[in-house]
Amino acid sequence: MVSSFLVNKHKPWIETSYHGIITENNDTVILDPPLVALDKDAPVPFAGEICAFKIHGQEMPFEAIVLNKTSGEGRLRARSPIDCELQKEYTFIIQAYDCGSGPGGTNWKKSHKAVVHIQVKDVNEFSPAFKESMYKASVTEGKIYDSILQVEATDEDCSPQYSQICNYEIVTTDVPFAIDRNGNIRNTEKLSYDKQHQYEIMVTAFDCGQKRATEDVLVRVNVKPVCKPGWQDWNKRIEYRPGSGSIPLFPSIHLETCDGPVSSIHTTIELQTNYIGKGCDRETYSEKSLQKLCGASSGAIDLLPSPSTTTNWTAGLLMDSNDMIFKFDGKQGAKIPDGIVPKNLTDQFTITLWMKHGPSPGLRAEKETILCNSDKTEMNRHHYALYVHNCRLVFLLRKDFDQADTFRPAEFHWKLDQICDKEWHYYVVNVEFPVVTLYMDGATYEPYLVTNDWPIHPSHIAMQLTVGACWQGGEVTKPRFAQYFHGSLASLTIRPGKIESQKVISCLQACKEGLDINSLESLGQGIKYHFNPSQSALVMEGDDIENINQALQKVSYINSRQFPTAGVRRLKVSSKVQCFGEDVCISIPDIDAYVMVFQANEPKITITGMDHFARPAAQFESERGVILFPDIRIVSTVTKMEHSVDLREHDRVNKQVVVEEMLHNLDFCDVLVIGAELDPEQECLELDHGELQGKHLDATNSTAGYSIYGVDSMFSYEQVLRQLRYRNWGTSATSDRKFRVKCSELNGRYTSNEFNLEVNILHSSNSDFMDHVNHMIFQPKFLQSVQHPEGSVSAVPSSVVPSVATMVIIICVSVLVLVVTLGVLRLRSARQHGSLGHEGPKDNEMDWDDSALTITVNPMEKYDKPHQTEEESEEEDIDDEEEDTTSAESDDSEEEEEEEEEEEVIVQKGNKQNATRQEQLEWDDSTLPY
């Protein structure tokens with residue numbers, strides 16, 4: 001037994017190195033070669049057996065166990081879960097131990113040290129994740145990029161297979177982009193800034209185990225326009241509402257120079273309105289009204305008035321939508337009737353006109369006549385004319401022969417580009433013979449050529465004044481027009497005997513709309529600017545881009561018209577740039593924009609007042625006549641539409657009408673006679689000239705009515721109309737007259753209602769009417785005579801006079817009845833007058849001269865005397881009665897006072913339901929016989 005314990009002579013043997021693999025989250029290690037220990041002491045018990053494998057290393061998560069002591073087989077396993085992401089491989093030392101020489105393990109021997117290298121096998125447990133939450137990139141339009149940007153995703157797995165990203169994909173469909181396996185994004189087609197400013201695409205990633213990213217990433221690609229020098233951040237359409245004042249055109253504009261070396265900038269802003277009316281939004285008043293408004297000398301004769309019954313020579317001409325603009329197509333001319341313009345214009349006169357004219361048609365340009373005064377028959381001498389020839393304006397003035405038969409200035413030529421630029425311009429020809437001056441758009445131009453000619457010898461041939469062509473009265477087989485004008489004319493006037501001042505000319509051509517600069521003082525010292533006279537063009541210059549930007553941001557549009565012409569106003573901004581030492585400088589494209597002017601709310605002009613009255617014939621026959629419109633009222637209102645939400649109607653949008661009273665001017669009011677025209681032998685309309693003083697108003701009178709014209713307030717028109725009188729000194733042939741009033745603003749653009757007035761002339765025979773009333777009141781047969789207007793009492797035959805007692809009784813009863821009747825009627829009339837007293841002015845009442853009437857009161861009528869109380873009236877009646885019984889004479893002065901204090905009878909037209917007319921009559925009963 002002892003010898004067996006001493007046989008353990010050899011050490012166990014193992015391989016010198018091992019390689020192992022373990023899958024994470026698993027405890028089995030697969031070794032190569034397998035773990036086996038051998039001992040040469042075998043088969044001796046204990047000494048030839050393997051009892052243990054020991055691992056050397058700090059805190060190694062592995063352990064080795066002996067599977068079979070005899071064969072020496074062992075196994076390596078993990079003592080705790082292995083995480084590849086924490087540690088991918090392990091290396092340690094392992095030794096084998098035999099069982100020693102006895103059961104107690106004494107005298108055990110150990111093998112040499114072997115190296116064990118273990119690799120951890122990865123499991124694909126993590127998904128790819130992008131490094132950024134969002135990616136941004138910018139590209140310039142029109143280019144193809146190899147790589148716009150690169151996205152990158154990572155994976156927390158430890159192995160190359162599962163930790164590497166093998167593929168990227170664009171999730172968003174229909175986008176012009178592609179991505180490669182390295183995450184580089186490129187565009188597949190050229191991008192356009194105008195088509196799309198920005199793209200947003202979603203991208204995902206896959207690891208090599210084909211595991212997809214948990215969250216896709218957003219990639220935002222901004223498309224930048226190709227850097228083109230020019231103005232940025234401006235709107236093509238600028239909206240303008242009437243009454244807005246001055247609004248900025250380009251509040252955010254700035255210049256992009258693409259880092260060009262700019263040294264100075266020159267910018268021109270043009271407001272193009274040549275297609276608006278007469279080349280801009282001017283007040284479309286008649287020429288006469290504008291002349292008055294601008295303080296021009298009186299006496300201007302309008303040769304192109306709007307067609308009417310009195311100005312019918314323009315009826316056959318072509319007119320623009322604005323009835324004050326006439327188009328001449330080279331086929332039309334108008335004869336001015338004789339007597340419109342004096343034959344002798346003297347050495348001082350003025351011709352004014354608006355003209356739009358282009359180059360003359362045809363290869364051979366002929367004279368185009370604007371105004372011509374030529375022989376009517378026999379000869380073709382032109383006495384004076386204004387015409388266009390080869391884009392030159394020519395004024396011809398042939399003086400009549402007077403003692404000096406010498407050469408005199410006869411033709412005055414001006415050569416101006418504006419004559420043929422197809423735009424509206426205002427021309428004024430001031431003649432102070434032999435000096436002729438042309439004003440165009442307010443600027444003065446001297447003639448570049450003046451030619452002389454002999455004076456015209458006197459003849460008895462009548463002259464014909466024409467517009468748009470010249471009259472050929474002789475030397476042709478048939479008199480006809482010639483030298484036709486091609487273009488548009490407006491406001492053609494001639495003023496004999498006077499010339500116009502520069503101030504008035506500037507006012508007449510002034511424009512109501514234009515460019516403006518807000519806050520001039522903030523432009524900066526480095527900015528130079530200049531407006532043209534009409535403020536339709538503005539030039540700005542500076543050497544600092546930021547200052548130019550701020551200056552252009554302050555440029556605004558203004559329209560001072562209360563009712564501007566709606567439509568488009570084109571804007572053009574052109575710029576020139578100078579660079580530092582550069583031969584080729586950058587080019588700035590022009591800006592083409594427009595101002596949209598909205599339609600103003602149309603005013604409703606309403607005329608109201610007393611529409612019917614009656615007066616005694618004596619008032620119409622008096623020197624002052626009768627005032628027709630004592631209480632006329634002119635009011636203008638505007639209707640606005642507002643939208644509101646009514647919750648009770650299921651949020652339906654309703655329209656609310658808002659009416660507001662507005663103040664504006666009128667330019668004429670016509671008082672027309674309805675029916676037969678006035679007979680100048682016995683009736684007329686009159687107005688004191690002093691009523692027009694201090695106002696911009698004139699008036700014309702005819703048998704058809706009365707016309708008041710001029711640009712002035714509605715209040716001024718009311719004042720004048722309230723003083724218009726109607727006289728008729730032949731009333732026996734007339735019983736009533738009807739008049740109509742109609743007013744206008746902007747030459748008929750807005751018109752009022754037609755206000756009609758009916759006037760009745762009361763014809764009454766005093767004796768018949770008084771006998772009728774007396775018969776109604778006093779029936780006794782013995783009262784056979786009445787007192788005459790002269791105040792004398794007719795004698796009463798004694799055969800019909802009863803006793804004195806009877807007379808006293810009758811007189812007392814009559815006085816009592818009279819007093820009671822008067823009291824009742826006065827009380828009723830006072831009540832009615834109190835309720836109606838505020839409806840109209842005192843002028844509505846009717847005064848009759850009743851100083852000699854013998855009638856007390858018609859009890860069927862209303863009785864009222866507005867300036868007396870009831871008690872005063874009764875006392876005066878009694879006193880008058882006593883005085884008339886004692887005296888039959890009347891004082892002339894008293895009669896005159898009574899005539900001046902005559903009352904008026906009002907006959908007011910009632911409504912349709914009550915067509916009866918009520919008359920308020922007052923009779924003097926002071927001369928009644930009792």
# chains A, B, ... in the order shown; residues from 1 in each chain; ligands from 1
>>> residues_around(residues="range 137-154 of chain A", least_positions_apart="6", cutoff="6 Å", atoms="only C-alpha atoms", output="PyMOL selection string")
chain A and resi 128-131+183-186+190-193+221-226
>>> write_last_selection(atoms="C-alpha atoms", output="PDB file, in the first residue's frame")
ATOM      1  CA  PRO A 128     -28.639  51.522 -36.395  1.00  0.00           C
ATOM      2  CA  ALA A 129     -29.064  55.086 -35.103  1.00  0.00           C
ATOM      3  CA  PHE A 130     -28.207  58.353 -36.891  1.00  0.00           C
ATOM      4  CA  LYS A 131     -25.687  60.657 -35.347  1.00  0.00           C
ATOM      5  CA  GLY A 183     -24.708  57.960 -46.887  1.00  0.00           C
ATOM      6  CA  ASN A 184     -23.818  60.515 -49.571  1.00  0.00           C
ATOM      7  CA  ILE A 185     -26.903  62.306 -50.947  1.00  0.00           C
ATOM      8  CA  ARG A 186     -26.851  63.774 -54.441  1.00  0.00           C
ATOM      9  CA  LYS A 190     -31.067  70.210 -61.809  1.00  0.00           C
ATOM     10  CA  LEU A 191     -33.094  71.985 -59.173  1.00  0.00           C
ATOM     11  CA  SER A 192     -35.045  75.218 -59.745  1.00  0.00           C
ATOM     12  CA  TYR A 193     -35.592  77.835 -57.085  1.00  0.00           C
ATOM     13  CA  VAL A 221     -32.253  70.681 -48.692  1.00  0.00           C
ATOM     14  CA  ASN A 222     -32.637  74.391 -49.429  1.00  0.00           C
ATOM     15  CA  VAL A 223     -32.463  75.528 -53.034  1.00  0.00           C
ATOM     16  CA  LYS A 224     -30.787  78.866 -53.490  1.00  0.00           C
ATOM     17  CA  PRO A 225     -31.274  80.870 -56.644  1.00  0.00           C
ATOM     18  CA  VAL A 226     -28.243  81.470 -58.707  1.00  0.00           C
TER      19      VAL A 226
END
>>> residues_around(residues="range 569-574 of chain A", least_positions_apart="2", cutoff="6 Å", atoms="only C-alpha atoms", output="PyMOL selection string")
chain A and resi 267-273+590-595
>>> atom_distance(atom1="CA of Glu49 in chain A", atom2="CA of Asp32 in chain A")
22.4 Å
>>> closest_residue(among="A:Leu687, A:Val120, A:Cys470, A:Leu353", to="Glu85 in chain A", atoms="only C-alpha atoms")
A:Val120
>>> residues_around(residues="Ala699 in chain A", least_positions_apart="2", cutoff="10 Å", atoms="only C-alpha atoms", output="list of chain:residue names")
A:Phe668, A:Cys669, A:Asp670, A:Leu687, A:His689, A:Leu692, A:Leu697, A:Asn701, A:Tyr706, A:Ser707, A:Ile708, A:Tyr709, A:Gly710, A:Val720
>>> write_last_selection(atoms="all heavy atoms", output="short mmCIF file (atom, residue, chain, number, x, y, z; two decimals), in the first residue's frame")
data_model
loop_
_atom_site.label_atom_id
_atom_site.label_comp_id
_atom_site.auth_asym_id
_atom_site.auth_seq_id
_atom_site.Cartn_x
_atom_site.Cartn_y
_atom_site.Cartn_z
N PHE A 668 -71.53 121.15 -61.16
CA PHE A 668 -72.61 121.95 -61.74
C PHE A 668 -73.94 121.49 -61.18
O PHE A 668 -74.12 120.35 -60.78
CB PHE A 668 -72.60 121.91 -63.28
CG PHE A 668 -73.01 120.60 -63.88
CD1 PHE A 668 -74.35 120.24 -63.99
CD2 PHE A 668 -72.06 119.73 -64.39
CE1 PHE A 668 -74.73 119.04 -64.57
CE2 PHE A 668 -72.42 118.53 -64.97
CZ PHE A 668 -73.76 118.19 -65.05
N CYS A 669 -74.86 122.43 -61.17
CA CYS A 669 -76.26 122.16 -60.87
C CYS A 669 -77.10 122.86 -61.93
O CYS A 669 -76.94 124.06 -62.15
CB CYS A 669 -76.65 122.66 -59.47
SG CYS A 669 -76.10 121.62 -58.11
N ASP A 670 -77.97 122.10 -62.57
CA ASP A 670 -78.84 122.65 -63.61
C ASP A 670 -80.25 122.74 -63.08
O ASP A 670 -80.79 121.79 -62.50
CB ASP A 670 -78.81 121.77 -64.86
CG ASP A 670 -77.50 121.90 -65.62
OD1 ASP A 670 -76.83 122.94 -65.44
OD2 ASP A 670 -77.15 120.98 -66.38
N LEU A 687 -80.82 135.67 -60.67
CA LEU A 687 -79.93 135.42 -59.55
C LEU A 687 -79.01 136.63 -59.43
O LEU A 687 -78.40 137.05 -60.41
CB LEU A 687 -79.10 134.15 -59.78
CG LEU A 687 -78.12 133.77 -58.67
CD1 LEU A 687 -78.87 133.35 -57.41
CD2 LEU A 687 -77.20 132.64 -59.13
N HIS A 689 -75.85 138.61 -59.01
CA HIS A 689 -74.46 138.23 -59.29
C HIS A 689 -73.62 138.21 -58.01
O HIS A 689 -72.63 137.48 -57.92
CB HIS A 689 -73.85 139.20 -60.31
CG HIS A 689 -72.49 138.79 -60.77
ND1 HIS A 689 -72.28 137.69 -61.60
CD2 HIS A 689 -71.26 139.30 -60.50
CE1 HIS A 689 -70.98 137.56 -61.82
NE2 HIS A 689 -70.33 138.52 -61.17
N LEU A 692 -72.57 134.94 -56.22
CA LEU A 692 -71.47 134.11 -56.71
C LEU A 692 -70.11 134.60 -56.24
O LEU A 692 -69.11 133.89 -56.41
CB LEU A 692 -71.49 134.06 -58.24
CG LEU A 692 -72.77 133.53 -58.89
CD1 LEU A 692 -72.66 133.62 -60.40
CD2 LEU A 692 -73.03 132.10 -58.45
N LEU A 697 -67.75 129.77 -58.57
CA LEU A 697 -68.96 129.45 -59.33
C LEU A 697 -69.23 130.51 -60.38
O LEU A 697 -68.94 131.69 -60.20
CB LEU A 697 -70.17 129.32 -58.40
CG LEU A 697 -70.11 128.21 -57.34
CD1 LEU A 697 -71.35 128.24 -56.47
CD2 LEU A 697 -69.96 126.85 -58.00
N ASN A 701 -77.73 131.66 -68.06
CA ASN A 701 -79.18 131.73 -68.02
C ASN A 701 -79.71 131.59 -69.43
O ASN A 701 -79.10 132.06 -70.40
CB ASN A 701 -79.61 133.08 -67.42
CG ASN A 701 -81.09 133.08 -67.05
OD1 ASN A 701 -81.76 132.06 -67.20
ND2 ASN A 701 -81.59 134.22 -66.60
N TYR A 706 -81.57 127.48 -65.79
CA TYR A 706 -80.44 128.20 -65.21
C TYR A 706 -79.37 127.18 -64.85
O TYR A 706 -79.67 126.14 -64.26
CB TYR A 706 -80.90 128.94 -63.94
CG TYR A 706 -80.19 130.25 -63.69
CD1 TYR A 706 -80.77 131.46 -64.05
CD2 TYR A 706 -78.93 130.27 -63.11
CE1 TYR A 706 -80.13 132.67 -63.83
CE2 TYR A 706 -78.27 131.47 -62.89
CZ TYR A 706 -78.88 132.67 -63.25
OH TYR A 706 -78.24 133.87 -63.05
N SER A 707 -78.13 127.44 -65.24
CA SER A 707 -77.04 126.51 -64.97
C SER A 707 -76.00 127.19 -64.10
O SER A 707 -75.50 128.27 -64.44
CB SER A 707 -76.40 126.03 -66.28
OG SER A 707 -75.37 125.12 -66.02
N ILE A 708 -75.68 126.55 -62.98
CA ILE A 708 -74.63 127.03 -62.08
C ILE A 708 -73.50 126.01 -62.15
O ILE A 708 -73.73 124.81 -61.98
CB ILE A 708 -75.17 127.14 -60.63
CG1 ILE A 708 -76.40 128.05 -60.60
CG2 ILE A 708 -74.09 127.66 -59.69
CD1 ILE A 708 -77.22 127.93 -59.34
N TYR A 709 -72.29 126.46 -62.40
CA TYR A 709 -71.19 125.53 -62.60
C TYR A 709 -69.92 126.06 -61.95
O TYR A 709 -69.78 127.26 -61.69
CB TYR A 709 -70.96 125.25 -64.08
CG TYR A 709 -70.60 126.45 -64.91
CD1 TYR A 709 -69.27 126.83 -65.09
CD2 TYR A 709 -71.59 127.23 -65.50
CE1 TYR A 709 -68.95 127.95 -65.83
CE2 TYR A 709 -71.27 128.35 -66.25
CZ TYR A 709 -69.95 128.70 -66.41
OH TYR A 709 -69.61 129.81 -67.14
N GLY A 710 -69.02 125.16 -61.70
CA GLY A 710 -67.77 125.47 -61.03
C GLY A 710 -67.54 124.46 -59.91
O GLY A 710 -68.48 123.88 -59.36
N VAL A 720 -76.37 129.31 -53.19
CA VAL A 720 -76.73 129.98 -54.43
C VAL A 720 -78.13 129.57 -54.88
O VAL A 720 -78.94 130.42 -55.26
CB VAL A 720 -75.69 129.66 -55.52
CG1 VAL A 720 -76.13 130.22 -56.86
CG2 VAL A 720 -74.33 130.24 -55.13
#
>>> select_by_dssp(residues="range 259-413 of chain A", states="strand (DSSP E or B)", output="PyMOL selection string")
chain A and resi 262-272+277+280+301-302+318-319+325-329+334-336+348-356+368-375+382-389+392-397+400+408-413
>>> write_last_selection(atoms="C-alpha atoms", output="compact mmCIF listing (two decimals), in the first residue's frame")
# COMPACT_ATOMS: atom_id res chain seq x y z
CA VAL A 262 -19.91 98.46 -56.39
CA SER A 263 -18.85 102.10 -56.12
CA SER A 264 -22.12 103.94 -56.89
CA ILE A 265 -25.75 103.21 -57.78
CA HIS A 266 -28.07 105.28 -59.97
CA THR A 267 -31.77 104.35 -59.76
CA THR A 268 -34.80 105.73 -61.63
CA ILE A 269 -38.39 105.05 -60.50
CA GLU A 270 -41.09 105.77 -63.07
CA LEU A 271 -44.85 105.81 -62.53
CA GLN A 272 -46.35 105.12 -65.94
CA GLY A 277 -57.25 109.82 -68.68
CA CYS A 280 -52.47 110.79 -65.14
CA ILE A 301 -63.94 129.56 -74.79
CA ASP A 302 -64.13 125.76 -74.81
CA LEU A 318 -65.27 110.06 -81.64
CA MET A 319 -65.05 110.17 -77.87
CA ILE A 325 -61.41 113.26 -74.61
CA PHE A 326 -61.91 113.30 -78.36
CA LYS A 327 -60.18 110.91 -80.76
CA PHE A 328 -59.38 112.04 -84.30
CA ASP A 329 -58.71 109.24 -86.79
CA ALA A 334 -65.65 119.93 -86.45
CA LYS A 335 -66.87 123.36 -87.47
CA ILE A 336 -67.11 125.88 -84.67
CA GLN A 348 -53.00 139.00 -76.94
CA PHE A 349 -54.68 135.62 -76.61
CA THR A 350 -54.03 132.11 -75.28
CA ILE A 351 -54.64 128.67 -76.75
CA THR A 352 -54.58 125.69 -74.36
CA LEU A 353 -55.02 122.00 -75.08
CA TRP A 354 -54.20 118.45 -74.03
CA MET A 355 -52.76 116.40 -76.89
CA LYS A 356 -51.63 112.81 -77.40
CA GLU A 368 -52.24 117.72 -89.14
CA THR A 369 -54.53 120.51 -88.06
CA ILE A 370 -55.44 121.02 -84.43
CA LEU A 371 -57.11 124.42 -84.85
CA CYS A 372 -57.63 126.39 -88.06
CA ASN A 373 -59.35 129.65 -88.99
CA SER A 374 -59.63 129.92 -92.76
CA ASP A 375 -61.73 131.54 -95.44
CA HIS A 382 -55.38 130.53 -93.26
CA HIS A 383 -55.70 133.42 -90.83
CA TYR A 384 -54.42 131.53 -87.82
CA ALA A 385 -53.83 127.85 -87.19
CA LEU A 386 -52.14 125.39 -84.84
CA TYR A 387 -50.95 122.18 -86.45
CA VAL A 388 -48.41 119.35 -86.28
CA HIS A 389 -46.01 118.70 -89.14
CA ARG A 392 -43.05 119.75 -85.06
CA LEU A 393 -45.66 122.00 -83.54
CA VAL A 394 -46.38 125.03 -85.73
CA PHE A 395 -48.47 128.07 -84.90
CA LEU A 396 -49.54 130.26 -87.82
CA LEU A 397 -50.73 133.84 -87.32
CA ASP A 400 -54.60 141.62 -91.28
CA ARG A 408 -44.16 140.28 -89.89
CA PRO A 409 -43.62 137.11 -87.88
CA ALA A 410 -46.16 134.60 -89.15
CA GLU A 411 -45.02 131.03 -88.39
CA PHE A 412 -43.58 129.77 -85.10
CA HIS A 413 -41.99 126.31 -85.02
>>> residues_around(residues="Gly230 in chain A", least_positions_apart="2", cutoff="7 Å", atoms="only C-alpha atoms", output="compact mmCIF listing (two decimals) with all heavy atoms, in the first residue's frame")
# COMPACT_ATOMS: atom_id res chain seq x y z
N LYS A 228 -27.91 86.25 -58.75
CA LYS A 228 -28.06 87.18 -59.86
C LYS A 228 -28.17 88.58 -59.26
O LYS A 228 -29.01 88.82 -58.39
CB LYS A 228 -29.32 86.87 -60.66
CG LYS A 228 -29.31 85.49 -61.28
CD LYS A 228 -30.65 85.21 -61.95
CE LYS A 228 -30.69 83.80 -62.52
NZ LYS A 228 -32.00 83.49 -63.14
N GLN A 232 -34.18 92.55 -54.52
CA GLN A 232 -34.80 91.41 -53.86
C GLN A 232 -35.91 91.89 -52.92
O GLN A 232 -35.93 93.03 -52.47
CB GLN A 232 -33.76 90.62 -53.05
CG GLN A 232 -32.57 90.14 -53.86
CD GLN A 232 -32.92 89.06 -54.85
OE1 GLN A 232 -33.87 88.30 -54.65
NE2 GLN A 232 -32.16 88.98 -55.94
N LEU A 255 -30.90 95.53 -52.51
CA LEU A 255 -30.15 95.22 -53.72
C LEU A 255 -29.13 94.11 -53.44
O LEU A 255 -28.36 94.20 -52.51
CB LEU A 255 -29.45 96.47 -54.23
CG LEU A 255 -28.66 96.32 -55.54
CD1 LEU A 255 -29.61 95.94 -56.68
CD2 LEU A 255 -27.92 97.61 -55.87
N GLU A 256 -29.15 93.08 -54.27
CA GLU A 256 -28.17 92.00 -54.22
C GLU A 256 -27.14 92.24 -55.32
O GLU A 256 -27.48 92.30 -56.51
CB GLU A 256 -28.86 90.65 -54.43
CG GLU A 256 -27.92 89.47 -54.51
CD GLU A 256 -27.13 89.26 -53.25
OE1 GLU A 256 -27.75 88.97 -52.21
OE2 GLU A 256 -25.88 89.43 -53.30
N THR A 257 -25.88 92.41 -54.92
CA THR A 257 -24.82 92.66 -55.90
C THR A 257 -23.89 91.46 -56.06
O THR A 257 -22.92 91.55 -56.82
CB THR A 257 -23.99 93.89 -55.47
OG1 THR A 257 -23.41 93.63 -54.18
CG2 THR A 257 -24.86 95.13 -55.40
N ILE A 588 -28.04 95.22 -63.43
CA ILE A 588 -29.20 95.10 -62.54
C ILE A 588 -30.46 95.05 -63.39
O ILE A 588 -30.77 96.02 -64.10
CB ILE A 588 -29.27 96.27 -61.54
CG1 ILE A 588 -27.96 96.41 -60.77
CG2 ILE A 588 -30.45 96.09 -60.58
CD1 ILE A 588 -27.61 95.25 -59.90
N PRO A 589 -31.22 93.96 -63.35
CA PRO A 589 -32.46 93.90 -64.13
C PRO A 589 -33.48 94.94 -63.63
O PRO A 589 -33.51 95.30 -62.46
CB PRO A 589 -32.98 92.47 -63.89
CG PRO A 589 -31.80 91.71 -63.37
CD PRO A 589 -30.96 92.70 -62.63
>>> residues_around(residues="range 757-765 of chain A", least_positions_apart="3", cutoff="7 Å", atoms="only C-alpha atoms", output="list of chain:residue names")
A:Asp611, A:His612, A:Phe613, A:Ala614, A:Arg615, A:Pro616, A:Ala617, A:Ser735, A:Asp736, A:Arg737, A:Lys738, A:Phe739, A:Arg740, A:Asp768, A:Phe769
>>> write_last_selection(atoms="C-alpha atoms", output="mmCIF file, in the first residue's frame")
data_model
loop_
_atom_site.group_PDB
_atom_site.id
_atom_site.type_symbol
_atom_site.label_atom_id
_atom_site.label_comp_id
_atom_site.auth_asym_id
_atom_site.auth_seq_id
_atom_site.Cartn_x
_atom_site.Cartn_y
_atom_site.Cartn_z
ATOM 1 C CA ASP A 611 -91.454 120.218 -53.842
ATOM 2 C CA HIS A 612 -94.688 122.234 -54.251
ATOM 3 C CA PHE A 613 -95.981 125.624 -53.284
ATOM 4 C CA ALA A 614 -98.435 128.285 -54.406
ATOM 5 C CA ARG A 615 -98.147 132.060 -54.353
ATOM 6 C CA PRO A 616 -100.450 134.893 -55.364
ATOM 7 C CA ALA A 617 -99.814 136.284 -58.810
ATOM 8 C CA SER A 735 -101.249 129.033 -63.860
ATOM 9 C CA ASP A 736 -98.307 126.828 -62.899
ATOM 10 C CA ARG A 737 -94.672 126.118 -63.649
ATOM 11 C CA LYS A 738 -92.514 123.022 -63.089
ATOM 12 C CA PHE A 739 -88.779 123.026 -62.519
ATOM 13 C CA ARG A 740 -86.200 120.274 -62.145
ATOM 14 C CA ASP A 768 -116.303 137.544 -56.501
ATOM 15 C CA PHE A 769 -114.410 135.589 -53.890
#
>>> select_by_dssp(residues="range 65-259 of chain A", states="helix (DSSP H, G or I)", output="PyMOL selection string")
chain A and resi 160-163
>>> write_last_selection(atoms="C-alpha atoms", output="PDB file, in the first residue's frame")
ATOM      1  CA  PRO A 160     -18.130  44.129 -37.688  1.00  0.00           C
ATOM      2  CA  GLN A 161     -21.033  42.243 -39.132  1.00  0.00           C
ATOM      3  CA  TYR A 162     -23.627  43.814 -36.925  1.00  0.00           C
ATOM      4  CA  SER A 163     -21.987  47.085 -36.021  1.00  0.00           C
TER       5      SER A 163
END
>>> closest_residue(among="A:Glu432, A:Phe620, A:Gln418, A:His254", to="Asp544 in chain A", atoms="only C-alpha atoms")
A:His254
>>> residues_around(residues="Ala300 in chain A", least_positions_apart="2", cutoff="7 Å", atoms="only C-alpha atoms", output="PyMOL selection string")
chain A and resi 298+302+493-495
